[in-house]
Amino acid sequence: MSSSVQQLAEKLIRYFSDCAGCIVAFSGGVDSAVVARAAAFALGENSLAVTATSASLSETERNAATETAKQIGIRHRWIATSEFENPNYLKNDERRCYHCKTELYSQLKPIQQQHPQWILVNGANLDDQTDYRPGLQAAAEHQVRSPLAECGLTKQQVRDVAKFWNLSVWDKPAAPCLSSRIAYGQTVSPERLRMIEAAERFLKDHGFGIVRVRYHEGDVARIEIPCGDFVRLLEADLFQDVQRHLAELGFRFVTLDLAGFRSGSLNSLVPVEVLAASGRVGS
C-alpha cells in the first residue's frame, strides 16, 4: 500500500518537473492541496496557490485555505472574483459552475501573464471526469490543466497521497461553494448564502461534521446529514432548537432529508438532455 502510494506521489511531483512554474487554483480542499504540495515540492518559489474570495466562500473555508497553504509551504495569494455581477451566474441554472469557473480562470490570467511560462492547474481528479462538472469546460477553454486527472488519480488515491504527505486535509469532507446549496432555478444572493452558512455552522457546532443545508423555493431548508446521525438530531429536543434557529435565520420550512447526505444531490434536478450534452448520462 505505502509503496504504491509513494509511487503516485512521485508521479505527481514528476508531472511538474519540466514546468517553469505553476499557478494552482487553490480551494484548500484535499484535491487542490495535493496538487499544491506536489507543485511546491517540485518548483519551490516558482509555485503559487491562488484562492478566490466572494460571497460563495464561507468564513470557515476561507480560514481553512489559509492554514492549509501554510502547512504545505506554498506561496498563497487571494483574489476577488465578480461572479455576483454576472446575471447568468445569479439565475442559477445548470451552468452556474461554468460561469463561476470562467470568472475564476479569467482572473487568474493576469497573474499568469506576469509569468508567461507558468502553467495554470486545478484540482480536478479522475472521478470528476465522469460526474456532471460544467466547470471542466471552462478549464478547457482557458487551458487550465488537471494534474490529478492526467496522472490517473481517483478521489481515494488523492486522499491516500494526502495522508502519505501528512496533510491535515487528507480526510476532510468535500466542501463545495455555498452557491451549490441553492436548488437550480432559485436565484443566488448573498442573503441566501448567509442563511445557509449560518445554518450549517449551527449544526456543525452541535457535532454534525458532515452536513448540507439545501435551499429550495419558498425559503425551504432541506437538511442532509448521514443517516447514522438521524437519532442524535431527533433526541434531546435538538431538532426543536434547529427548527427554531433556522426559522430565525429566515427559513420558513425546515425539513430533514430521509435519504441522508449525498454529495451533489441537487444534480438530480439537472435535465437529462443537459447531462446528455455533457456526456455524463449513466455515470
# chains A, B, ... in the order shown; residues from 1 in each chain; ligands from 1
call {"tool": "closest_atom_pairs", "arguments": {"of": "range 53-155 of chain A", "to": "range 9-21 of chain A", "cutoff": "10 Å", "atoms": "only C-alpha atoms", "output": "CSV"}}
result
residue,atom,partner,partner_atom,distance
A:Gln112,CA,A:Gly21,CA,9.8
A:His115,CA,A:Gly21,CA,7.9
A:Pro116,CA,A:Gly21,CA,9.2
A:Gln117,CA,A:Ala20,CA,5.9
A:Trp118,CA,A:Gly21,CA,4.4
A:Ile119,CA,A:Gly21,CA,6.4
A:Leu120,CA,A:Gly21,CA,9.0
A:Pro147,CA,A:Leu12,CA,7.1
A:Leu148,CA,A:Leu12,CA,7.4
A:Glu150,CA,A:Tyr15,CA,9.0
A:Cys151,CA,A:Leu12,CA,6.8
A:Gly152,CA,A:Leu12,CA,9.8
A:Leu153,CA,A:Leu12,CA,9.3
call {"tool": "residues_around", "arguments": {"residues": "Phe230 in chain A", "least_positions_apart": "2", "cutoff": "10 Å", "atoms": "only C-alpha atoms", "output": "ChimeraX atom specification"}}
result
/A:224-228,232-235,239,256-258,260
call {"tool": "atom_distance", "arguments": {"atom1": "CA of Thr130 in chain A", "atom2": "CA of Arg37 in chain A"}}
result
25.0 Å
call {"tool": "atom_distance", "arguments": {"atom1": "CA of Leu48 in chain A", "atom2": "CA of Ser106 in chain A"}}
result
16.4 Å
call {"tool": "residues_around", "arguments": {"residues": "Val254 in chain A", "least_positions_apart": "2", "cutoff": "8 Å", "atoms": "only C-alpha atoms", "output": "PDB file with N, CA and C atoms, in the first residue's frame"}}
result
ATOM      1  N   VAL A 220     -37.328  27.117   1.887  1.00  0.00           N
ATOM      2  CA  VAL A 220     -37.320  25.778   2.478  1.00  0.00           C
ATOM      3  C   VAL A 220     -35.878  25.327   2.692  1.00  0.00           C
ATOM      4  N   ALA A 221     -35.574  24.892   3.903  1.00  0.00           N
ATOM      5  CA  ALA A 221     -34.270  24.304   4.214  1.00  0.00           C
ATOM      6  C   ALA A 221     -34.415  22.787   4.214  1.00  0.00           C
ATOM      7  N   ARG A 222     -33.629  22.116   3.393  1.00  0.00           N
ATOM      8  CA  ARG A 222     -33.599  20.648   3.375  1.00  0.00           C
ATOM      9  C   ARG A 222     -32.255  20.216   3.941  1.00  0.00           C
ATOM     10  N   ILE A 223     -32.280  19.675   5.141  1.00  0.00           N
ATOM     11  CA  ILE A 223     -31.051  19.294   5.836  1.00  0.00           C
ATOM     12  C   ILE A 223     -30.629  17.897   5.402  1.00  0.00           C
ATOM     13  N   GLN A 243     -34.878  23.759  14.396  1.00  0.00           N
ATOM     14  CA  GLN A 243     -36.006  24.398  13.705  1.00  0.00           C
ATOM     15  C   GLN A 243     -36.136  25.857  14.114  1.00  0.00           C
ATOM     16  N   LEU A 246     -33.109  27.979  12.624  1.00  0.00           N
ATOM     17  CA  LEU A 246     -33.200  28.192  11.183  1.00  0.00           C
ATOM     18  C   LEU A 246     -34.361  29.110  10.829  1.00  0.00           C
ATOM     19  N   ALA A 247     -35.427  29.048  11.610  1.00  0.00           N
ATOM     20  CA  ALA A 247     -36.536  29.978  11.389  1.00  0.00           C
ATOM     21  C   ALA A 247     -36.091  31.411  11.658  1.00  0.00           C
ATOM     22  N   PHE A 251     -35.568  30.893   7.292  1.00  0.00           N
ATOM     23  CA  PHE A 251     -36.193  29.739   6.641  1.00  0.00           C
ATOM     24  C   PHE A 251     -37.622  29.573   7.156  1.00  0.00           C
ATOM     25  N   ARG A 252     -38.564  29.437   6.232  1.00  0.00           N
ATOM     26  CA  ARG A 252     -39.966  29.285   6.632  1.00  0.00           C
ATOM     27  C   ARG A 252     -40.327  27.832   6.916  1.00  0.00           C
ATOM     28  N   LEU A 256     -35.887  17.479   7.099  1.00  0.00           N
ATOM     29  CA  LEU A 256     -34.768  16.538   7.143  1.00  0.00           C
ATOM     30  C   LEU A 256     -34.923  15.567   5.987  1.00  0.00           C
TER      31      LEU A 256
END
call {"tool": "closest_residue", "arguments": {"among": "A:Asp128, A:Glu248, A:Glu85, A:Asp241", "to": "Asp31 in chain A", "atoms": "only C-alpha atoms"}}
result
A:Asp128
call {"tool": "atom_distance", "arguments": {"atom1": "CA of Leu266 in chain A", "atom2": "CA of Arg214 in chain A"}}
result
8.4 Å
call {"tool": "closest_residue", "arguments": {"among": "A:Gly123, A:Gly29, A:Pro176, A:Gly73", "to": "Ser146 in chain A", "atoms": "only C-alpha atoms"}}
result
A:Gly123
call {"tool": "select_by_dssp", "arguments": {"residues": "range 20-242 of chain A", "states": "strand (DSSP E)", "output": "count of residues only"}}
result
30
call {"tool": "residues_around", "arguments": {"residues": "range 65-69 of chain A", "least_positions_apart": "2", "cutoff": "12 Å", "atoms": "only C-alpha atoms", "output": "MDAnalysis selection string"}}
result
chainID A and resid 24:37 40 47:53 57:63 71:78 162 166:170 172 175
call {"tool": "closest_residue", "arguments": {"among": "A:Gln6, A:Gln157, A:Asn88, A:Thr102", "to": "Ala140 in chain A", "atoms": "only C-alpha atoms"}}
result
A:Thr102
call {"tool": "closest_residue", "arguments": {"among": "A:Ile111, A:Leu238, A:Arg201, A:Gly250", "to": "Asp219 in chain A", "atoms": "only C-alpha atoms"}}
result
A:Gly250
call {"tool": "decode", "arguments": {"residues": "range 129-207 of chain A", "atoms": "C-alpha atoms", "output": "PDB file, in the first residue's frame"}}
result
ATOM      1  CA  GLN A 129     -14.373  13.315 -15.393  1.00  0.00           C
ATOM      2  CA  THR A 130     -17.441  11.075 -15.070  1.00  0.00           C
ATOM      3  CA  ASP A 131     -19.501  13.449 -12.911  1.00  0.00           C
ATOM      4  CA  TYR A 132     -21.569  16.433 -14.030  1.00  0.00           C
ATOM      5  CA  ARG A 133     -18.908  19.169 -13.861  1.00  0.00           C
ATOM      6  CA  PRO A 134     -19.607  22.083 -16.213  1.00  0.00           C
ATOM      7  CA  GLY A 135     -16.604  23.848 -14.711  1.00  0.00           C
ATOM      8  CA  LEU A 136     -14.372  21.432 -16.607  1.00  0.00           C
ATOM      9  CA  GLN A 137     -15.460  23.075 -19.856  1.00  0.00           C
ATOM     10  CA  ALA A 138     -14.304  26.429 -18.510  1.00  0.00           C
ATOM     11  CA  ALA A 139     -10.965  24.862 -17.606  1.00  0.00           C
ATOM     12  CA  ALA A 140     -10.528  23.522 -21.129  1.00  0.00           C
ATOM     13  CA  GLU A 141     -11.404  26.886 -22.652  1.00  0.00           C
ATOM     14  CA  HIS A 142      -8.756  28.622 -20.523  1.00  0.00           C
ATOM     15  CA  GLN A 143      -6.036  25.981 -20.996  1.00  0.00           C
ATOM     16  CA  VAL A 144      -6.140  25.004 -17.326  1.00  0.00           C
ATOM     17  CA  ARG A 145      -4.578  21.615 -16.724  1.00  0.00           C
ATOM     18  CA  SER A 146      -5.656  18.915 -14.263  1.00  0.00           C
ATOM     19  CA  PRO A 147      -2.574  17.084 -12.925  1.00  0.00           C
ATOM     20  CA  LEU A 148      -4.568  14.649 -10.779  1.00  0.00           C
ATOM     21  CA  ALA A 149      -6.760  13.525 -13.656  1.00  0.00           C
ATOM     22  CA  GLU A 150      -3.845  13.444 -16.087  1.00  0.00           C
ATOM     23  CA  CYS A 151      -1.881  11.263 -13.685  1.00  0.00           C
ATOM     24  CA  GLY A 152      -4.903   8.979 -13.275  1.00  0.00           C
ATOM     25  CA  LEU A 153      -5.607   9.613  -9.588  1.00  0.00           C
ATOM     26  CA  THR A 154      -9.071   8.842  -8.240  1.00  0.00           C
ATOM     27  CA  LYS A 155     -10.508  10.674  -5.244  1.00  0.00           C
ATOM     28  CA  GLN A 156      -9.499   7.867  -2.891  1.00  0.00           C
ATOM     29  CA  GLN A 157      -5.964   7.849  -4.259  1.00  0.00           C
ATOM     30  CA  VAL A 158      -5.768  11.609  -3.767  1.00  0.00           C
ATOM     31  CA  ARG A 159      -6.691  11.092  -0.111  1.00  0.00           C
ATOM     32  CA  ASP A 160      -4.101   8.328   0.173  1.00  0.00           C
ATOM     33  CA  VAL A 161      -1.381  10.629  -1.156  1.00  0.00           C
ATOM     34  CA  ALA A 162      -2.515  13.448   1.141  1.00  0.00           C
ATOM     35  CA  LYS A 163      -2.261  11.100   4.121  1.00  0.00           C
ATOM     36  CA  PHE A 164       1.161   9.897   2.932  1.00  0.00           C
ATOM     37  CA  TRP A 165       2.288  13.535   2.941  1.00  0.00           C
ATOM     38  CA  ASN A 166       0.706  14.109   6.385  1.00  0.00           C
ATOM     39  CA  LEU A 167      -1.608  16.809   5.088  1.00  0.00           C
ATOM     40  CA  SER A 168      -4.249  17.666   7.672  1.00  0.00           C
ATOM     41  CA  VAL A 169      -6.947  17.759   4.991  1.00  0.00           C
ATOM     42  CA  TRP A 170      -6.439  14.142   3.905  1.00  0.00           C
ATOM     43  CA  ASP A 171      -9.827  13.129   5.341  1.00  0.00           C
ATOM     44  CA  LYS A 172     -11.569  16.482   5.008  1.00  0.00           C
ATOM     45  CA  PRO A 173     -15.105  16.102   3.624  1.00  0.00           C
ATOM     46  CA  ALA A 174     -15.822  17.776   0.316  1.00  0.00           C
ATOM     47  CA  ALA A 175     -16.809  21.409   0.840  1.00  0.00           C
ATOM     48  CA  PRO A 176     -18.180  22.906  -2.376  1.00  0.00           C
ATOM     49  CA  CYS A 177     -19.119  26.578  -2.506  1.00  0.00           C
ATOM     50  CA  LEU A 178     -22.211  27.832  -0.712  1.00  0.00           C
ATOM     51  CA  SER A 179     -23.979  28.555  -4.006  1.00  0.00           C
ATOM     52  CA  SER A 180     -24.081  24.816  -4.671  1.00  0.00           C
ATOM     53  CA  ARG A 181     -26.612  24.521  -1.824  1.00  0.00           C
ATOM     54  CA  ILE A 182     -29.242  26.514  -3.723  1.00  0.00           C
ATOM     55  CA  ALA A 183     -31.550  24.496  -5.958  1.00  0.00           C
ATOM     56  CA  TYR A 184     -31.202  25.193  -9.661  1.00  0.00           C
ATOM     57  CA  GLY A 185     -33.593  27.910 -10.772  1.00  0.00           C
ATOM     58  CA  GLN A 186     -33.557  29.713  -7.429  1.00  0.00           C
ATOM     59  CA  THR A 187     -31.629  32.966  -7.610  1.00  0.00           C
ATOM     60  CA  VAL A 188     -28.271  33.071  -5.866  1.00  0.00           C
ATOM     61  CA  SER A 189     -27.973  36.026  -3.489  1.00  0.00           C
ATOM     62  CA  PRO A 190     -25.569  36.961  -0.682  1.00  0.00           C
ATOM     63  CA  GLU A 191     -28.514  36.991   1.731  1.00  0.00           C
ATOM     64  CA  ARG A 192     -29.438  33.388   0.965  1.00  0.00           C
ATOM     65  CA  LEU A 193     -25.823  32.307   1.223  1.00  0.00           C
ATOM     66  CA  ARG A 194     -25.526  33.913   4.652  1.00  0.00           C
ATOM     67  CA  MET A 195     -28.629  31.989   5.763  1.00  0.00           C
ATOM     68  CA  ILE A 196     -27.130  28.729   4.542  1.00  0.00           C
ATOM     69  CA  GLU A 197     -23.709  29.385   6.066  1.00  0.00           C
ATOM     70  CA  ALA A 198     -25.177  30.273   9.457  1.00  0.00           C
ATOM     71  CA  ALA A 199     -27.472  27.228   9.417  1.00  0.00           C
ATOM     72  CA  GLU A 200     -24.621  24.846   8.626  1.00  0.00           C
ATOM     73  CA  ARG A 201     -22.399  26.469  11.246  1.00  0.00           C
ATOM     74  CA  PHE A 202     -25.119  25.945  13.863  1.00  0.00           C
ATOM     75  CA  LEU A 203     -25.383  22.256  13.008  1.00  0.00           C
ATOM     76  CA  LYS A 204     -21.608  21.786  12.944  1.00  0.00           C
ATOM     77  CA  ASP A 205     -21.338  23.499  16.324  1.00  0.00           C
ATOM     78  CA  HIS A 206     -23.701  20.789  17.590  1.00  0.00           C
ATOM     79  CA  GLY A 207     -21.438  17.997  16.405  1.00  0.00           C
TER      80      GLY A 207
END
